[in-house]
file start36.pdb (PDB, C-alpha atoms)
ATOM      1  CA  MET C   1       0.000   0.000   0.000  1.00  0.00           C
ATOM      2  CA  GLY C   2       1.087   3.582  -0.598  1.00  0.00           C
ATOM      3  CA  THR C   3       0.554   6.499  -2.927  1.00  0.00           C
ATOM      4  CA  LEU C   4      -0.489   5.280  -6.378  1.00  0.00           C
ATOM      5  CA  LEU C   5      -1.109   8.645  -8.084  1.00  0.00           C
ATOM      6  CA  GLN C   6       0.350  11.988  -7.067  1.00  0.00           C
ATOM      7  CA  PHE C   7      -0.311  15.488  -8.409  1.00  0.00           C
ATOM      8  CA  GLU C   8       2.192  18.008  -7.061  1.00  0.00           C
ATOM      9  CA  ARG C   9       1.562  21.669  -7.977  1.00  0.00           C
ATOM     10  CA  VAL C  10       0.406  20.736 -11.478  1.00  0.00           C
ATOM     11  CA  SER C  11      -0.471  23.442 -14.023  1.00  0.00           C
ATOM     12  CA  ALA C  12      -1.778  22.866 -17.538  1.00  0.00           C
ATOM     13  CA  VAL C  13      -2.854  24.872 -20.580  1.00  0.00           C
ATOM     14  CA  TYR C  14      -4.697  24.352 -23.853  1.00  0.00           C
ATOM     15  CA  GLY C  15      -3.520  25.791 -27.129  1.00  0.00           C
ATOM     16  CA  GLY C  16      -0.368  27.143 -25.555  1.00  0.00           C
ATOM     17  CA  SER C  17      -2.086  29.937 -23.627  1.00  0.00           C
ATOM     18  CA  VAL C  18      -5.497  29.049 -22.149  1.00  0.00           C
ATOM     19  CA  SER C  19      -4.945  28.166 -18.502  1.00  0.00           C
ATOM     20  CA  ALA C  20      -6.829  25.052 -17.395  1.00  0.00           C
ATOM     21  CA  LEU C  21      -5.119  23.993 -14.147  1.00  0.00           C
ATOM     22  CA  THR C  22      -3.134  26.066 -11.673  1.00  0.00           C
ATOM     23  CA  GLU C  23      -0.845  24.285  -9.223  1.00  0.00           C
ATOM     24  CA  ILE C  24      -3.272  21.576  -8.140  1.00  0.00           C
ATOM     25  CA  SER C  25      -2.046  19.010  -5.638  1.00  0.00           C
ATOM     26  CA  PHE C  26      -3.590  15.799  -4.313  1.00  0.00           C
ATOM     27  CA  ARG C  27      -2.809  12.113  -3.821  1.00  0.00           C
ATOM     28  CA  VAL C  28      -4.637   8.886  -4.493  1.00  0.00           C
ATOM     29  CA  GLU C  29      -3.624   6.127  -2.106  1.00  0.00           C
ATOM     30  CA  GLU C  30      -3.684   2.547  -3.318  1.00  0.00           C
ATOM     31  CA  GLY C  31      -7.060   0.972  -2.517  1.00  0.00           C
ATOM     32  CA  ALA C  32      -8.828   4.336  -2.097  1.00  0.00           C
ATOM     33  CA  PHE C  33     -12.014   5.631  -3.711  1.00  0.00           C
ATOM     34  CA  VAL C  34     -11.351   9.315  -4.443  1.00  0.00           C
ATOM     35  CA  ALA C  35     -14.029  11.671  -5.782  1.00  0.00           C
ATOM     36  CA  LEU C  36     -12.893  14.682  -7.805  1.00  0.00           C
ATOM     37  CA  LEU C  37     -15.644  17.262  -7.416  1.00  0.00           C
ATOM     38  CA  GLY C  38     -16.405  20.678  -8.858  1.00  0.00           C
ATOM     39  CA  ALA C  39     -18.768  22.615 -11.061  1.00  0.00           C
ATOM     40  CA  ASN C  40     -18.801  22.334 -14.835  1.00  0.00           C
ATOM     41  CA  GLY C  41     -15.566  23.912 -16.111  1.00  0.00           C
ATOM     42  CA  ALA C  42     -13.705  23.534 -12.815  1.00  0.00           C
ATOM     43  CA  GLY C  43     -10.995  21.406 -14.427  1.00  0.00           C
ATOM     44  CA  LYS C  44     -12.089  17.870 -13.553  1.00  0.00           C
ATOM     45  CA  SER C  45     -11.830  16.423 -17.066  1.00  0.00           C
ATOM     46  CA  THR C  46      -8.517  18.180 -17.675  1.00  0.00           C
ATOM     47  CA  THR C  47      -7.150  16.680 -14.460  1.00  0.00           C
ATOM     48  CA  LEU C  48      -8.137  13.157 -15.493  1.00  0.00           C
ATOM     49  CA  LYS C  49      -6.682  13.599 -18.980  1.00  0.00           C
ATOM     50  CA  ALA C  50      -3.472  14.887 -17.456  1.00  0.00           C
ATOM     51  CA  ALA C  51      -3.358  11.828 -15.185  1.00  0.00           C
ATOM     52  CA  SER C  52      -3.540   9.569 -18.262  1.00  0.00           C
ATOM     53  CA  ASN C  53      -1.230  11.729 -20.429  1.00  0.00           C
ATOM     54  CA  LEU C  54      -4.067  12.398 -22.866  1.00  0.00           C
ATOM     55  CA  LEU C  55      -3.824  16.200 -22.912  1.00  0.00           C
ATOM     56  CA  PRO C  56      -1.500  16.356 -25.961  1.00  0.00           C
ATOM     57  CA  ALA C  57      -4.264  14.735 -28.055  1.00  0.00           C
ATOM     58  CA  GLU C  58      -6.380  17.854 -27.402  1.00  0.00           C
ATOM     59  CA  ARG C  59      -3.631  20.455 -27.880  1.00  0.00           C
ATOM     60  CA  GLY C  60      -3.080  20.625 -24.141  1.00  0.00           C
ATOM     61  CA  ARG C  61       0.045  20.164 -22.081  1.00  0.00           C
ATOM     62  CA  VAL C  62       1.287  20.139 -18.509  1.00  0.00           C
ATOM     63  CA  THR C  63       3.351  23.285 -17.940  1.00  0.00           C
ATOM     64  CA  GLY C  64       4.468  22.784 -14.363  1.00  0.00           C
ATOM     65  CA  GLY C  65       4.571  20.389 -11.443  1.00  0.00           C
ATOM     66  CA  ASP C  66       4.768  16.616 -11.337  1.00  0.00           C
ATOM     67  CA  ILE C  67       2.316  13.779 -11.971  1.00  0.00           C
ATOM     68  CA  LEU C  68       3.494  10.387 -10.792  1.00  0.00           C
ATOM     69  CA  PHE C  69       1.808   7.009 -11.253  1.00  0.00           C
ATOM     70  CA  ALA C  70       3.419   4.261  -9.192  1.00  0.00           C
ATOM     71  CA  GLY C  71       6.475   6.515  -8.960  1.00  0.00           C
ATOM     72  CA  ASP C  72       6.846   7.104 -12.720  1.00  0.00           C
ATOM     73  CA  ASP C  73       6.457  10.453 -14.493  1.00  0.00           C
ATOM     74  CA  VAL C  74       3.106  10.202 -16.301  1.00  0.00           C
ATOM     75  CA  THR C  75       4.006  12.784 -18.952  1.00  0.00           C
ATOM     76  CA  ARG C  76       6.967  10.744 -20.210  1.00  0.00           C
ATOM     77  CA  ILE C  77       4.979   7.578 -20.885  1.00  0.00           C
ATOM     78  CA  ASP C  78       2.708   6.809 -23.833  1.00  0.00           C
ATOM     79  CA  PRO C  79      -0.993   6.424 -22.897  1.00  0.00           C
ATOM     80  CA  ALA C  80      -1.062   2.885 -24.297  1.00  0.00           C
ATOM     81  CA  ARG C  81       1.769   1.919 -21.948  1.00  0.00           C
ATOM     82  CA  HIS C  82      -0.183   3.417 -19.041  1.00  0.00           C
ATOM     83  CA  ILE C  83      -3.079   1.085 -19.806  1.00  0.00           C
ATOM     84  CA  ARG C  84      -0.769  -1.911 -19.917  1.00  0.00           C
ATOM     85  CA  ALA C  85       0.592  -0.793 -16.524  1.00  0.00           C
ATOM     86  CA  GLY C  86      -2.939  -0.632 -15.092  1.00  0.00           C
ATOM     87  CA  LEU C  87      -3.824   3.079 -15.383  1.00  0.00           C
ATOM     88  CA  VAL C  88      -7.125   2.782 -17.256  1.00  0.00           C
ATOM     89  CA  PRO C  89      -9.322   5.798 -18.124  1.00  0.00           C
ATOM     90  CA  VAL C  90     -13.022   5.832 -19.008  1.00  0.00           C
ATOM     91  CA  LEU C  91     -13.538   9.198 -20.661  1.00  0.00           C
ATOM     92  CA  GLU C  92     -16.661  11.320 -20.726  1.00  0.00           C
ATOM     93  CA  GLY C  93     -19.080  10.437 -23.498  1.00  0.00           C
ATOM     94  CA  ARG C  94     -18.762   6.605 -23.330  1.00  0.00           C
ATOM     95  CA  ARG C  95     -17.038   6.396 -26.765  1.00  0.00           C
ATOM     96  CA  LEU C  96     -18.197   2.913 -27.652  1.00  0.00           C
ATOM     97  CA  PHE C  97     -17.907   1.352 -31.092  1.00  0.00           C
ATOM     98  CA  ARG C  98     -21.551   1.914 -31.919  1.00  0.00           C
ATOM     99  CA  ALA C  99     -21.760  -0.664 -34.730  1.00  0.00           C
ATOM    100  CA  LEU C 100     -20.309  -3.455 -32.569  1.00  0.00           C
ATOM    101  CA  SER C 101     -22.241  -5.502 -30.040  1.00  0.00           C
ATOM    102  CA  ILE C 102     -21.954  -4.874 -26.319  1.00  0.00           C
ATOM    103  CA  GLU C 103     -19.784  -7.978 -25.897  1.00  0.00           C
ATOM    104  CA  GLU C 104     -17.534  -7.041 -28.822  1.00  0.00           C
ATOM    105  CA  ASN C 105     -17.000  -3.643 -27.203  1.00  0.00           C
ATOM    106  CA  LEU C 106     -16.085  -5.318 -23.937  1.00  0.00           C
ATOM    107  CA  VAL C 107     -13.567  -7.586 -25.635  1.00  0.00           C
ATOM    108  CA  THR C 108     -11.726  -4.587 -27.132  1.00  0.00           C
ATOM    109  CA  GLY C 109     -10.730  -3.570 -23.606  1.00  0.00           C
ATOM    110  CA  ALA C 110      -8.939  -6.880 -23.085  1.00  0.00           C
ATOM    111  CA  ILE C 111      -7.312  -6.826 -26.515  1.00  0.00           C
ATOM    112  CA  GLY C 112      -5.664  -3.515 -25.590  1.00  0.00           C
ATOM    113  CA  ARG C 113      -3.867  -5.368 -22.793  1.00  0.00           C
ATOM    114  CA  GLY C 114      -2.926  -8.247 -25.092  1.00  0.00           C
ATOM    115  CA  PHE C 115      -4.982 -10.791 -23.133  1.00  0.00           C
ATOM    116  CA  GLY C 116      -5.763 -14.229 -24.548  1.00  0.00           C
ATOM    117  CA  HIS C 117      -8.970 -16.249 -24.637  1.00  0.00           C
ATOM    118  CA  ARG C 118      -8.865 -17.387 -21.011  1.00  0.00           C
ATOM    119  CA  ARG C 119      -8.379 -13.894 -19.569  1.00  0.00           C
ATOM    120  CA  ILE C 120     -11.053 -12.522 -21.893  1.00  0.00           C
ATOM    121  CA  ALA C 121     -13.562 -15.152 -20.735  1.00  0.00           C
ATOM    122  CA  GLU C 122     -12.729 -14.442 -17.088  1.00  0.00           C
ATOM    123  CA  GLY C 123     -13.083 -10.718 -17.700  1.00  0.00           C
ATOM    124  CA  LEU C 124     -16.492 -11.128 -19.312  1.00  0.00           C
ATOM    125  CA  ASP C 125     -17.697 -13.201 -16.356  1.00  0.00           C
ATOM    126  CA  ARG C 126     -16.489 -10.459 -14.018  1.00  0.00           C
ATOM    127  CA  VAL C 127     -18.255  -7.686 -15.953  1.00  0.00           C
ATOM    128  CA  TYR C 128     -21.506  -9.647 -16.301  1.00  0.00           C
ATOM    129  CA  ASP C 129     -21.483 -10.410 -12.590  1.00  0.00           C
ATOM    130  CA  LEU C 130     -21.116  -6.696 -11.876  1.00  0.00           C
ATOM    131  CA  PHE C 131     -23.654  -5.580 -14.492  1.00  0.00           C
ATOM    132  CA  PRO C 132     -26.177  -8.411 -15.121  1.00  0.00           C
ATOM    133  CA  ARG C 133     -28.052  -6.176 -17.552  1.00  0.00           C
ATOM    134  CA  LEU C 134     -25.074  -6.293 -19.929  1.00  0.00           C
ATOM    135  CA  LYS C 135     -25.209 -10.074 -20.053  1.00  0.00           C
ATOM    136  CA  GLN C 136     -28.815  -9.852 -21.178  1.00  0.00           C
ATOM    137  CA  ARG C 137     -27.877  -7.320 -23.870  1.00  0.00           C
ATOM    138  CA  ARG C 138     -24.482  -8.750 -24.824  1.00  0.00           C
ATOM    139  CA  ARG C 139     -25.515  -9.471 -28.441  1.00  0.00           C
ATOM    140  CA  SER C 140     -27.226  -6.091 -28.915  1.00  0.00           C
ATOM    141  CA  VAL C 141     -25.661  -3.437 -31.124  1.00  0.00           C
ATOM    142  CA  ALA C 142     -24.156  -0.906 -28.715  1.00  0.00           C
ATOM    143  CA  GLY C 143     -25.511   2.124 -30.572  1.00  0.00           C
ATOM    144  CA  LEU C 144     -29.067   0.864 -30.091  1.00  0.00           C
ATOM    145  CA  THR C 145     -28.867   0.356 -26.329  1.00  0.00           C
ATOM    146  CA  SER C 146     -29.879   2.825 -23.622  1.00  0.00           C
ATOM    147  CA  GLY C 147     -27.585   5.489 -22.210  1.00  0.00           C
ATOM    148  CA  GLY C 148     -27.271   3.568 -18.953  1.00  0.00           C
ATOM    149  CA  GLU C 149     -26.361   0.347 -20.743  1.00  0.00           C
ATOM    150  CA  GLN C 150     -23.778   2.203 -22.819  1.00  0.00           C
ATOM    151  CA  GLN C 151     -22.219   3.692 -19.685  1.00  0.00           C
ATOM    152  CA  MET C 152     -22.089   0.269 -18.056  1.00  0.00           C
ATOM    153  CA  ALA C 153     -20.460  -1.090 -21.215  1.00  0.00           C
ATOM    154  CA  ALA C 154     -17.867   1.690 -21.195  1.00  0.00           C
ATOM    155  CA  ILE C 155     -17.025   0.896 -17.573  1.00  0.00           C
ATOM    156  CA  GLY C 156     -17.009  -2.818 -18.351  1.00  0.00           C
ATOM    157  CA  ARG C 157     -14.641  -2.302 -21.275  1.00  0.00           C
ATOM    158  CA  GLY C 158     -12.248  -0.540 -18.906  1.00  0.00           C
ATOM    159  CA  LEU C 159     -12.542  -3.388 -16.404  1.00  0.00           C
ATOM    160  CA  MET C 160     -11.552  -5.858 -19.100  1.00  0.00           C
ATOM    161  CA  ALA C 161      -8.113  -4.190 -19.017  1.00  0.00           C
ATOM    162  CA  GLU C 162      -7.823  -5.147 -15.311  1.00  0.00           C
ATOM    163  CA  PRO C 163      -7.116  -1.643 -13.958  1.00  0.00           C
ATOM    164  CA  ARG C 164      -4.902  -1.005 -10.989  1.00  0.00           C
ATOM    165  CA  LEU C 165      -6.084   2.625 -11.025  1.00  0.00           C
ATOM    166  CA  PHE C 166      -9.495   3.133 -12.641  1.00  0.00           C
ATOM    167  CA  VAL C 167     -10.072   6.735 -13.758  1.00  0.00           C
ATOM    168  CA  LEU C 168     -13.670   7.669 -14.648  1.00  0.00           C
ATOM    169  CA  ASP C 169     -15.014  10.972 -15.943  1.00  0.00           C
ATOM    170  CA  GLU C 170     -18.624  11.859 -15.017  1.00  0.00           C
ATOM    171  CA  PRO C 171     -20.092   8.319 -15.013  1.00  0.00           C
ATOM    172  CA  SER C 172     -23.492   9.697 -13.928  1.00  0.00           C
ATOM    173  CA  MET C 173     -23.857  12.248 -16.730  1.00  0.00           C
ATOM    174  CA  GLY C 174     -27.290  12.203 -18.383  1.00  0.00           C
ATOM    175  CA  LEU C 175     -28.509   9.116 -16.559  1.00  0.00           C
ATOM    176  CA  ALA C 176     -31.613   8.466 -14.476  1.00  0.00           C
ATOM    177  CA  PRO C 177     -31.107   8.379 -10.685  1.00  0.00           C
ATOM    178  CA  LEU C 178     -31.758   4.626 -10.421  1.00  0.00           C
ATOM    179  CA  VAL C 179     -29.134   3.895 -13.078  1.00  0.00           C
ATOM    180  CA  VAL C 180     -26.662   6.237 -11.358  1.00  0.00           C
ATOM    181  CA  ALA C 181     -27.213   4.388  -8.092  1.00  0.00           C
ATOM    182  CA  GLU C 182     -26.624   1.038  -9.826  1.00  0.00           C
ATOM    183  CA  ILE C 183     -23.363   2.253 -11.374  1.00  0.00           C
ATOM    184  CA  PHE C 184     -21.992   3.726  -8.151  1.00  0.00           C
ATOM    185  CA  ASP C 185     -22.979   0.637  -6.192  1.00  0.00           C
ATOM    186  CA  ALA C 186     -20.961  -1.384  -8.711  1.00  0.00           C
ATOM    187  CA  LEU C 187     -17.963   0.939  -8.395  1.00  0.00           C
ATOM    188  CA  SER C 188     -18.122   0.704  -4.594  1.00  0.00           C
ATOM    189  CA  ARG C 189     -18.226  -3.071  -4.861  1.00  0.00           C
ATOM    190  CA  LEU C 190     -15.118  -3.064  -7.067  1.00  0.00           C
ATOM    191  CA  ASN C 191     -13.305  -0.910  -4.557  1.00  0.00           C
ATOM    192  CA  ARG C 192     -14.509  -2.701  -1.430  1.00  0.00           C
ATOM    193  CA  GLU C 193     -14.366  -6.331  -2.573  1.00  0.00           C
ATOM    194  CA  GLU C 194     -11.561  -6.295  -5.143  1.00  0.00           C
ATOM    195  CA  GLY C 195      -9.419  -3.399  -3.937  1.00  0.00           C
ATOM    196  CA  VAL C 196      -9.553  -1.499  -7.228  1.00  0.00           C
ATOM    197  CA  THR C 197      -8.316   2.068  -6.722  1.00  0.00           C
ATOM    198  CA  LEU C 198     -10.783   4.624  -8.100  1.00  0.00           C
ATOM    199  CA  LEU C 199     -10.457   8.262  -9.128  1.00  0.00           C
ATOM    200  CA  VAL C 200     -13.900   9.467 -10.219  1.00  0.00           C
ATOM    201  CA  ALA C 201     -14.673  12.971 -11.464  1.00  0.00           C
ATOM    202  CA  GLU C 202     -18.266  13.920 -10.671  1.00  0.00           C
ATOM    203  CA  GLN C 203     -20.470  16.975 -10.805  1.00  0.00           C
ATOM    204  CA  ASN C 204     -23.077  15.060  -8.795  1.00  0.00           C
ATOM    205  CA  SER C 205     -21.403  15.625  -5.437  1.00  0.00           C
ATOM    206  CA  SER C 206     -24.229  13.989  -3.483  1.00  0.00           C
ATOM    207  CA  VAL C 207     -23.832  10.516  -4.986  1.00  0.00           C
ATOM    208  CA  ALA C 208     -20.030  10.779  -5.148  1.00  0.00           C
ATOM    209  CA  LEU C 209     -19.628  11.666  -1.470  1.00  0.00           C
ATOM    210  CA  ARG C 210     -21.915   8.832  -0.385  1.00  0.00           C
ATOM    211  CA  HIS C 211     -19.601   6.290  -1.993  1.00  0.00           C
ATOM    212  CA  ALA C 212     -16.095   7.783  -1.882  1.00  0.00           C
ATOM    213  CA  ASP C 213     -13.817   7.729   1.133  1.00  0.00           C
ATOM    214  CA  TRP C 214     -11.833  10.825   0.091  1.00  0.00           C
ATOM    215  CA  ALA C 215     -12.755  13.910  -1.933  1.00  0.00           C
ATOM    216  CA  VAL C 216     -10.890  16.688  -3.731  1.00  0.00           C
ATOM    217  CA  VAL C 217     -12.804  19.820  -4.731  1.00  0.00           C
ATOM    218  CA  LEU C 218     -11.668  21.881  -7.729  1.00  0.00           C
ATOM    219  CA  GLU C 219     -12.630  25.493  -8.277  1.00  0.00           C
ATOM    220  CA  THR C 220     -11.653  27.270 -11.527  1.00  0.00           C
ATOM    221  CA  GLY C 221      -8.687  24.984 -12.096  1.00  0.00           C
ATOM    222  CA  ARG C 222      -7.388  25.023  -8.528  1.00  0.00           C
ATOM    223  CA  SER C 223      -7.643  22.461  -5.735  1.00  0.00           C
ATOM    224  CA  SER C 224      -9.604  24.407  -3.134  1.00  0.00           C
ATOM    225  CA  LEU C 225     -10.491  21.698  -0.600  1.00  0.00           C
ATOM    226  CA  SER C 226      -9.798  18.064   0.207  1.00  0.00           C
ATOM    227  CA  GLY C 227     -10.559  15.644   2.994  1.00  0.00           C
ATOM    228  CA  ARG C 228     -12.405  12.516   4.041  1.00  0.00           C
ATOM    229  CA  ALA C 229     -15.785  12.347   2.346  1.00  0.00           C
ATOM    230  CA  ALA C 230     -17.594  11.677   5.626  1.00  0.00           C
ATOM    231  CA  ASP C 231     -16.024  14.781   7.182  1.00  0.00           C
ATOM    232  CA  LEU C 232     -17.009  16.999   4.247  1.00  0.00           C
ATOM    233  CA  ILE C 233     -20.588  15.728   4.352  1.00  0.00           C
ATOM    234  CA  ALA C 234     -20.791  16.570   8.060  1.00  0.00           C
ATOM    235  CA  ARG C 235     -19.662  20.194   7.652  1.00  0.00           C
ATOM    236  CA  ALA C 236     -22.560  22.585   7.018  1.00  0.00           C
ATOM    237  CA  ASP C 237     -20.214  25.351   5.845  1.00  0.00           C
ATOM    238  CA  VAL C 238     -18.710  23.082   3.203  1.00  0.00           C
ATOM    239  CA  GLN C 239     -22.143  21.934   2.051  1.00  0.00           C
ATOM    240  CA  ASP C 240     -23.354  25.506   1.625  1.00  0.00           C
ATOM    241  CA  SER C 241     -20.191  26.781  -0.058  1.00  0.00           C
ATOM    242  CA  TYR C 242     -19.453  23.918  -2.428  1.00  0.00           C
ATOM    243  CA  PHE C 243     -22.424  21.593  -2.702  1.00  0.00           C
ATOM    244  CA  GLY C 244     -25.420  23.899  -2.605  1.00  0.00           C
ATOM    245  CA  GLY C 245     -26.877  22.626   0.633  1.00  0.00           C
ATOM    246  CA  ALA C 246     -27.253  19.293   2.384  1.00  0.00           C
ATOM    247  CA  VAL C 247     -25.792  16.148   0.887  1.00  0.00           C
ATOM    248  CA  VAL C 248     -28.290  13.342   1.428  1.00  0.00           C
TER
END

call {"tool": "encode", "arguments": {"input": "start36.pdb", "output": "C-alpha cells"}}
result
Amino acid sequence: MGTLLQFERVSAVYGGSVSALTEISFRVEEGAFVALLGANGAGKSTTLKAASNLLPAERGRVTGGDILFAGDDVTRIDPARHIRAGLVPVLEGRRLFRALSIEENLVTGAIGRGFGHRRIAEGLDRVYDLFPRLKQRRRSVAGLTSGGEQQMAAIGRGLMAEPRLFVLDEPSMGLAPLVVAEIFDALSRLNREEGVTLLVAEQNSSVALRHADWAVVLETGRSSLSGRAADLIARADVQDSYFGGAVV
C-alpha cells in the first residue's frame, strides 16, 4: 500500500495559452475511492486527462509540477503503456464502437492489454457479474442500447483491461437516478471487494460523497479543498459553499 497517483503543484494549458489547471495538488492512495468534485468547467476532465497523459491529443500540455503514477512520471509515458501498466481511463461520453455488439465492445478492452482467450472469458464473467443487464444485452448493437447500458459497457470495457487505477469521468452524466445508483454501487463493490483504486470525477457531489472515502474539490482549475468524504458531508459550511446545501 502507498501512494499510487500523485499530483504536485500541477499546471496545464490548452492551445499554448489558455490556462486550465493552476498548481493543483492531491494524492490517491492505493485501494482508495477518491471523488474529484467541482462545477462544470472547474478542471475535472482536464485533471483526469493529465493523469492519463491524454492532454497532448487535445492540444493541451502540462506546464508545471509533477504527476506520478506508481512513482513514474506520467508525462513521459505513452498512454497505451499506461493502460498496460494498469492506469485505465473511461472518458466522458462513453465512446463505444456503436456498430459493434456490447460484448464485442467489452472484448476490445482486453485486446488492448494483449490478453488471450482465457483472460477474456474471465473478464467477461467479471463484468456480467457486476452488471447483469449487460449479459442480457451482450448481443445487442451498442448504438441501439440505452444510455445507462452504454455507460455500463464503457465501464465494463475498462474493467476488461484489469485496472490497478481506474479513472472515470462523469459516469453519472445524463442518466436516471436509479441507473446512477446502480453504477456507483458497482464501483463501490469493485473498490470494497476487489481493492480497485478509483479516481472518479463527478459533478453530482451527493452521490459521489456517499460512496467515496476521500474527496478533492476543484474550483476554476485550482484544488480548493480536500478531505475525508464523511467529514465533508458533516460540515454545514462546506455543504453551503461547495455543494449547494445538504448532501443526502

call {"tool": "closest_residue", "arguments": {"input": "start36.pdb", "among": "C:Ala50, C:Met160, C:Ala121, C:Leu209", "to": "Gly86 of chain C", "atoms": "only C-alpha atoms"}}
result
C:Met160

call {"tool": "axis_aligned_box", "arguments": {"input": "start36.pdb", "around": "segment 161-178 of chain C", "padding_each_side": "3 Å", "output": "JSON"}}
result
{"center_x": -18.3, "center_y": 3.6, "center_z": -14.7, "size_x": 32.9, "size_y": 23.4, "size_z": 14.6}

call {"tool": "resolve_selection", "arguments": {"input": "start36.pdb", "expression": "the PyMOL selection byres ((chain C and resi 142-156) around 7)", "output": "list in words"}}
result
Val90, Arg94, Leu96, Arg98, Ala99, Leu100, Ser101, Ile102, Leu106, Val127, Leu134, Ser140, Val141, Arg157, Gly158, Leu159, Met160, Pro171, Leu175 and Val179 of chain C

call {"tool": "closest_atom_pairs", "arguments": {"input": "start36.pdb", "of": "segment 56-116 of chain C", "to": "segment 16-21 of chain C", "cutoff": "10 Å", "atoms": "all atoms listed in the file", "output": "CSV"}}
result
residue,atom,partner,partner_atom,distance
C:Arg59,CA,C:Gly16,CA,7.8
C:Gly60,CA,C:Gly16,CA,7.2
C:Arg61,CA,C:Gly16,CA,7.8
C:Val62,CA,C:Leu21,CA,8.7
C:Thr63,CA,C:Leu21,CA,9.3
C:Gly64,CA,C:Leu21,CA,9.7

call {"tool": "closest_residue", "arguments": {"input": "start36.pdb", "among": "C:Tyr14, C:Phe97, C:Phe184, C:Phe33", "to": "Arg228 of chain C", "atoms": "all atoms listed in the file"}}
result
C:Phe33

call {"tool": "residues_around", "arguments": {"input": "start36.pdb", "residues": "segment 23-26 of chain C", "least_positions_apart": "6", "cutoff": "6 Å", "atoms": "all atoms listed in the file", "output": "PDB file with C-alpha atoms, in the frame of the given file"}}
result
ATOM      1  CA  PHE C   7      -0.311  15.488  -8.409  1.00  0.00           C
ATOM      2  CA  GLU C   8       2.192  18.008  -7.061  1.00  0.00           C
ATOM      3  CA  ARG C   9       1.562  21.669  -7.977  1.00  0.00           C
ATOM      4  CA  VAL C  10       0.406  20.736 -11.478  1.00  0.00           C
ATOM      5  CA  SER C  11      -0.471  23.442 -14.023  1.00  0.00           C
ATOM      6  CA  ARG C 222      -7.388  25.023  -8.528  1.00  0.00           C
ATOM      7  CA  SER C 223      -7.643  22.461  -5.735  1.00  0.00           C
TER       8      SER C 223
END

call {"tool": "resolve_selection", "arguments": {"input": "start36.pdb", "expression": "the PyMOL selection byres ((chain C and resi 208) around 10)", "output": "list in words"}}
result
Phe33, Val34, Ala35, Leu36, Leu37, Ser172, Phe184, Val200, Ala201, Glu202, Gln203, Asn204, Ser205, Ser206, Val207, Leu209, Arg210, His211, Ala212, Asp213, Trp214, Ala215, Ala229 and Val247 of chain C

call {"tool": "atom_distance", "arguments": {"input": "start36.pdb", "atom1": "atom CA of Arg137 of chain C", "atom2": "atom CA of Arg118 of chain C"}}
result
21.7 Å

call {"tool": "atom_distance", "arguments": {"input": "start36.pdb", "atom1": "atom CA of Val196 of chain C", "atom2": "atom CA of Leu165 of chain C"}}
result
6.6 Å

call {"tool": "atom_distance", "arguments": {"input": "start36.pdb", "atom1": "atom CA of Ser226 of chain C", "atom2": "atom CA of Leu168 of chain C"}}
result
18.5 Å

call {"tool": "closest_residue", "arguments": {"input": "start36.pdb", "among": "C:Gly195, C:Arg27, C:Leu124, C:Ala32", "to": "Asp66 of chain C", "atoms": "only C-alpha atoms"}}
result
C:Arg27

call {"tool": "closest_residue", "arguments": {"input": "start36.pdb", "among": "C:Ala234, C:Val28, C:Leu55, C:Leu187", "to": "Gly15 of chain C", "atoms": "all atoms listed in the file"}}
result
C:Leu55

call {"tool": "resolve_selection", "arguments": {"input": "start36.pdb", "expression": "the PyMOL selection byres ((chain C and resi 219) around 8)", "output": "list in words"}}
result
Gly38, Ala39, Ala42, Gly43, Val217, Leu218, Thr220, Gly221, Arg222, Ser223 and Ser224 of chain C

call {"tool": "closest_residue", "arguments": {"input": "start36.pdb", "among": "C:Arg119, C:Val216, C:Val180, C:Ala12", "to": "Gly65 of chain C", "atoms": "all atoms listed in the file"}}
result
C:Ala12

call {"tool": "decode", "arguments": {"input": "start36.pdb", "residues": "segment 11-21 of chain C", "atoms": "N, CA and C atoms", "output": "PDB file, in the first residue's frame"}}
result
ATOM      1  N   SER C  11       0.194  22.435 -13.190  1.00  0.00           N
ATOM      2  CA  SER C  11      -0.471  23.442 -14.023  1.00  0.00           C
ATOM      3  C   SER C  11      -0.548  22.920 -15.444  1.00  0.00           C
ATOM      4  N   ALA C  12      -1.603  23.328 -16.162  1.00  0.00           N
ATOM      5  CA  ALA C  12      -1.778  22.866 -17.538  1.00  0.00           C
ATOM      6  C   ALA C  12      -2.484  23.941 -18.350  1.00  0.00           C
ATOM      7  N   VAL C  13      -2.228  23.913 -19.663  1.00  0.00           N
ATOM      8  CA  VAL C  13      -2.854  24.872 -20.580  1.00  0.00           C
ATOM      9  C   VAL C  13      -3.358  24.133 -21.812  1.00  0.00           C
ATOM     10  N   TYR C  14      -4.274  24.792 -22.534  1.00  0.00           N
ATOM     11  CA  TYR C  14      -4.697  24.352 -23.853  1.00  0.00           C
ATOM     12  C   TYR C  14      -4.258  25.379 -24.876  1.00  0.00           C
ATOM     13  N   GLY C  15      -3.868  24.891 -26.036  1.00  0.00           N
ATOM     14  CA  GLY C  15      -3.520  25.791 -27.129  1.00  0.00           C
ATOM     15  C   GLY C  15      -2.347  26.698 -26.841  1.00  0.00           C
ATOM     16  N   GLY C  16      -1.557  26.365 -25.859  1.00  0.00           N
ATOM     17  CA  GLY C  16      -0.368  27.143 -25.555  1.00  0.00           C
ATOM     18  C   GLY C  16      -0.593  28.322 -24.644  1.00  0.00           C
ATOM     19  N   SER C  17      -1.874  28.717 -24.412  1.00  0.00           N
ATOM     20  CA  SER C  17      -2.086  29.937 -23.627  1.00  0.00           C
ATOM     21  C   SER C  17      -3.296  29.909 -22.703  1.00  0.00           C
ATOM     22  N   VAL C  18      -4.270  29.057 -22.955  1.00  0.00           N
ATOM     23  CA  VAL C  18      -5.497  29.049 -22.149  1.00  0.00           C
ATOM     24  C   VAL C  18      -5.256  28.203 -20.897  1.00  0.00           C
ATOM     25  N   SER C  19      -5.224  28.865 -19.748  1.00  0.00           N
ATOM     26  CA  SER C  19      -4.945  28.166 -18.502  1.00  0.00           C
ATOM     27  C   SER C  19      -6.113  27.270 -18.115  1.00  0.00           C
ATOM     28  N   ALA C  20      -5.798  26.009 -17.776  1.00  0.00           N
ATOM     29  CA  ALA C  20      -6.829  25.052 -17.395  1.00  0.00           C
ATOM     30  C   ALA C  20      -6.670  24.574 -15.966  1.00  0.00           C
ATOM     31  N   LEU C  21      -5.416  24.407 -15.512  1.00  0.00           N
ATOM     32  CA  LEU C  21      -5.119  23.993 -14.147  1.00  0.00           C
ATOM     33  C   LEU C  21      -4.018  24.879 -13.603  1.00  0.00           C
TER      34      LEU C  21
END
